[in-house]
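J.: Got a structure for you, written out below as structure tokens; questions coming shortly.
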Amino acid sequence: MRKRKIFLIAGARPNFMKIAPLWRELKKFPSRFSSYIIHTGQHYDYEMSSIFFKNLGLPRPHFYLEVGSDSHARQTAKIMVRFERVVCDQVPDIVVVVGDVNSTLACSLVAAKLKVTLAHVEAGLRSFDREMPEEVNRVVADALSDYLFTTCEDANRNLIKAGIPREKIFFVGNVMIDSLLNLKREAQLRTTWNDFGLKKKKYALLTLHRPENVDRREVLVNILEGLREVGGHIPIIFPIHPRAAKQVDKFKLGKYFSWQTNSGIYRIKPLGYIDFLNLMCNSKFVLTDSGGIQEETTVLNIPCLTLRKNTERPITVKQGTNIVVGSDPGKIVRESIRIINEKGRRGKIPPLWEGKAAQRIVKVLLDT
Ligand code: UD1
């Protein structure tokens, strides 16, 4: 059989853990695949990008498109123009996109227009909220894909309802969990919690970056009011995303943050994958508006409060440890206190979230 050239696309922080297990698995079949990593440069800071390559054992990207931050249209357009050049030059057989960021959307469009086979990993997730840029990205990537690799049954149902032919849908599990399970032991050997002066299971971990939470002052203040109250009961550590950091500074909200780790909200710079995983494993609970962290906490059996009005990952609520609390400070405080008082929810691990998703994806590619 002819050897196929595969492009793995990554652009933003949550993409790196999704391509790493695929990269490793594809490497096991050197006579069947030659794989290349394309980094769009959507995220570019050391803490948002390079450290993840290091932690995950990924090589330097083969192509780096250097797009940087910009408005949605400009960022997407820049990725498209630069990626089109690479595709025309290199002629890959398959382009693999992951998740739902602007890089996913841009590279899907380029592949589809140039008639290159497109595979979407983490297909079919839906929040049914078109105000989220990620929802638009998902809908387009799914509509254009030839292979749709899904993490759960509700994703399969969403795709069928959207009219995607069944033979294109492959329920393979969760590649992000492949990376989590691969590096969990190494993370547990670190003492990140201690290095920050925290006590095991006696702190909460916070992430916050969604535009709907951080881009409007009144919403952000509401959330921080709730968190400040939670911080009176249990210290909260907050590795702050650059978007949130920018907004906190712009709105002059520095007073919400504490300079010590024993109470309040302790703001630190973004962490690499392994240190973050260490903090997650040893926390009492996690407060987040991220998508992936809802899944990771479910697998780690750590209670998670999602600071959003909906989730595209309902399985983490139905089966896992996740509760969607929105941005209402009263609800944030109430649910946090329930967890502090040991009344948090216990969950179970969804089917096929056991570390073999990349193997299944590569098997599909080998067999078709
Ligand atoms: C992007 C994704 C989002 C994902 C998130 C994970 C889209 C539409 N959004 O959102 O789905 O959950 O990544 O982190 O693709 N910045 C830096 N350094 C960086 C990257 C960004 O300082 O390395 C700053 C810039 O000021 C930029 C802002 O963060 O304007 C936002 O970055 P951007 O990539 O536009 O969106 P995210 O909020 O990171």
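Letters for chains follow the order of the structure tokens (A, B, ...), residue numbers begin at 1 for each chain, and ligand numbers begin at 1 in the order shown.
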Go through chain A and flag each residue having an atom no more than 6 Å from ligand 1; for those, report the closest pair of atoms plus their distance in Å to one decimal, using only C-alpha atoms and all ligand atoms, ordered by chain and rising number, as CSV.
T.:
```
residue,atom,partner,partner_atom_place_in_ligand_line,distance
A:Ala12,CA,ligand 1,13 (O),5.3
A:Arg13,CA,ligand 1,14 (O),5.2
A:Pro14,CA,ligand 1,6 (C),5.7
A:Gln42,CA,ligand 1,34 (O),5.4
A:His43,CA,ligand 1,23 (O),3.6
A:Tyr44,CA,ligand 1,23 (O),3.8
A:Asp45,CA,ligand 1,23 (O),3.8
A:Met48,CA,ligand 1,23 (O),4.9
A:Ser69,CA,ligand 1,30 (O),4.9
A:Val101,CA,ligand 1,15 (O),3.3
A:Asn102,CA,ligand 1,15 (O),3.9
A:Pro133,CA,ligand 1,8 (C),5.3
A:Glu134,CA,ligand 1,11 (O),5.5
A:His209,CA,ligand 1,38 (O),5.8
A:Pro242,CA,ligand 1,22 (O),4.6
A:Arg243,CA,ligand 1,29 (O),3.9
A:Ser290,CA,ligand 1,12 (O),5.9
```
J.: With C-alpha atoms retained, write the just-selected residues as a compact mmCIF listing (two decimals), in the first residue's frame.
T.:
```
# COMPACT_ATOMS: atom_id res chain seq x y z
CA ALA A 12 -3.86 26.72 20.49
CA ARG A 13 -3.03 25.31 23.91
CA PRO A 14 -5.74 22.62 24.11
CA GLN A 42 -2.43 30.95 17.16
CA HIS A 43 -0.84 30.57 20.62
CA TYR A 44 2.80 31.56 20.74
CA ASP A 45 3.95 32.43 24.30
CA MET A 48 0.96 28.69 26.03
CA SER A 69 -3.34 36.92 17.81
CA VAL A 101 -10.37 26.57 17.81
CA ASN A 102 -9.91 29.01 14.93
CA PRO A 133 -16.98 31.02 18.39
CA GLU A 134 -16.05 27.40 19.09
CA HIS A 209 -10.65 32.71 29.84
CA PRO A 242 -3.30 35.84 28.91
CA ARG A 243 -6.76 36.91 27.72
CA SER A 290 -12.53 25.35 29.81
```
J.: Hey, what does DSSP flag as strand (DSSP E) within stretch 68-269 of chain A? Can you give it to me as a ChimeraX atom specification?
T.: /A:94-98,117-121,147-150,169-171,204-206,236-239,257-258,265-268
J.: Between A:Val110, A:Leu205, A:Ile323, A:Ala187, which residue has the minimum interatomic distance to A:Ile268, considering only C-alpha atoms?
T.: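 For A:Ile268, the nearest of the given residues is A:Leu205.
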J.: Applying 7 Å and only C-alpha atoms, which residues near A:Pro92 remain after dropping the ones on its own chain fewer than 4 positions away? List them as a ChimeraX atom specification.
T.: /A:5-7,87
J.: Output C-alpha atoms for every residue in that selection, as an mmCIF file, in the first residue's frame.
T.:
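Ended up saving to part.cif:
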```cif
data_model
loop_
_atom_site.group_PDB
_atom_site.id
_atom_site.type_symbol
_atom_site.label_atom_id
_atom_site.label_comp_id
_atom_site.auth_asym_id
_atom_site.auth_seq_id
_atom_site.Cartn_x
_atom_site.Cartn_y
_atom_site.Cartn_z
ATOM 1 C CA LYS A 5 1.352 11.791 4.193
ATOM 2 C CA ILE A 6 -0.538 13.026 7.247
ATOM 3 C CA PHE A 7 -0.688 16.593 8.544
ATOM 4 C CA VAL A 87 -0.689 22.205 1.382
#
```
J.: Could you list, with a cut-off of 6 Å and counting only C-alpha atoms, the residues of stretch 117-152 of chain A near stretch 164-185 of chain A, each shown with its nearest atom pair and the distance in Å rounded to one decimal, rows sorted by chain and ascending number, as JSON lines?
T.:
```
{"residue": "A:Tyr147", "atom": "CA", "partner": "A:Lys168", "partner_atom": "CA", "distance": 5.2}
{"residue": "A:Leu148", "atom": "CA", "partner": "A:Ile169", "partner_atom": "CA", "distance": 4.8}
{"residue": "A:Phe149", "atom": "CA", "partner": "A:Phe170", "partner_atom": "CA", "distance": 4.9}
{"residue": "A:Thr150", "atom": "CA", "partner": "A:Phe171", "partner_atom": "CA", "distance": 4.8}
{"residue": "A:Thr151", "atom": "CA", "partner": "A:Gly173", "partner_atom": "CA", "distance": 4.2}
```
J.: Would you write out those residues with all heavy atoms, as a short mmCIF file (atom, residue, chain, number, x, y, z; two decimals), in the first residue's frame?
T.:
```
data_model
loop_
_atom_site.label_atom_id
_atom_site.label_comp_id
_atom_site.auth_asym_id
_atom_site.auth_seq_id
_atom_site.Cartn_x
_atom_site.Cartn_y
_atom_site.Cartn_z
N TYR A 147 -13.64 11.97 7.81
CA TYR A 147 -13.62 11.09 8.99
C TYR A 147 -14.04 11.94 10.18
O TYR A 147 -13.45 13.00 10.41
CB TYR A 147 -12.21 10.61 9.30
CG TYR A 147 -11.58 9.67 8.31
CD1 TYR A 147 -10.75 10.14 7.30
CD2 TYR A 147 -11.77 8.29 8.41
CE1 TYR A 147 -10.14 9.28 6.40
CE2 TYR A 147 -11.15 7.42 7.52
CZ TYR A 147 -10.34 7.92 6.52
OH TYR A 147 -9.74 7.05 5.65
N LEU A 148 -15.04 11.48 10.94
CA LEU A 148 -15.44 12.21 12.15
C LEU A 148 -15.21 11.30 13.34
O LEU A 148 -15.93 10.30 13.51
CB LEU A 148 -16.89 12.67 12.05
CG LEU A 148 -17.11 13.70 10.92
CD1 LEU A 148 -17.68 13.05 9.68
CD2 LEU A 148 -17.99 14.85 11.39
N PHE A 149 -14.18 11.58 14.12
CA PHE A 149 -13.82 10.76 15.27
C PHE A 149 -14.46 11.35 16.52
O PHE A 149 -14.22 12.52 16.84
CB PHE A 149 -12.30 10.69 15.41
CG PHE A 149 -11.64 9.97 14.27
CD1 PHE A 149 -10.83 10.66 13.37
CD2 PHE A 149 -11.84 8.61 14.07
CE1 PHE A 149 -10.22 10.00 12.31
CE2 PHE A 149 -11.23 7.94 13.01
CZ PHE A 149 -10.42 8.64 12.13
N THR A 150 -15.27 10.56 17.21
CA THR A 150 -16.04 11.11 18.33
C THR A 150 -15.60 10.53 19.68
O THR A 150 -15.02 9.44 19.75
CB THR A 150 -17.55 10.84 18.15
OG1 THR A 150 -17.76 9.43 18.13
CG2 THR A 150 -18.08 11.46 16.87
N THR A 151 -15.95 11.29 20.74
CA THR A 151 -15.55 10.90 22.11
C THR A 151 -16.70 10.27 22.88
O THR A 151 -16.48 9.71 23.95
CB THR A 151 -15.12 12.15 22.90
OG1 THR A 151 -16.17 13.13 22.82
CG2 THR A 151 -13.84 12.75 22.34
#
```
J.: Pick out the closest residue to A:Leu208 from this set: A:Gly254, A:Gly326, A:Gly11, A:Gly163. Count only C-alpha atoms.
T.: A:Gly326
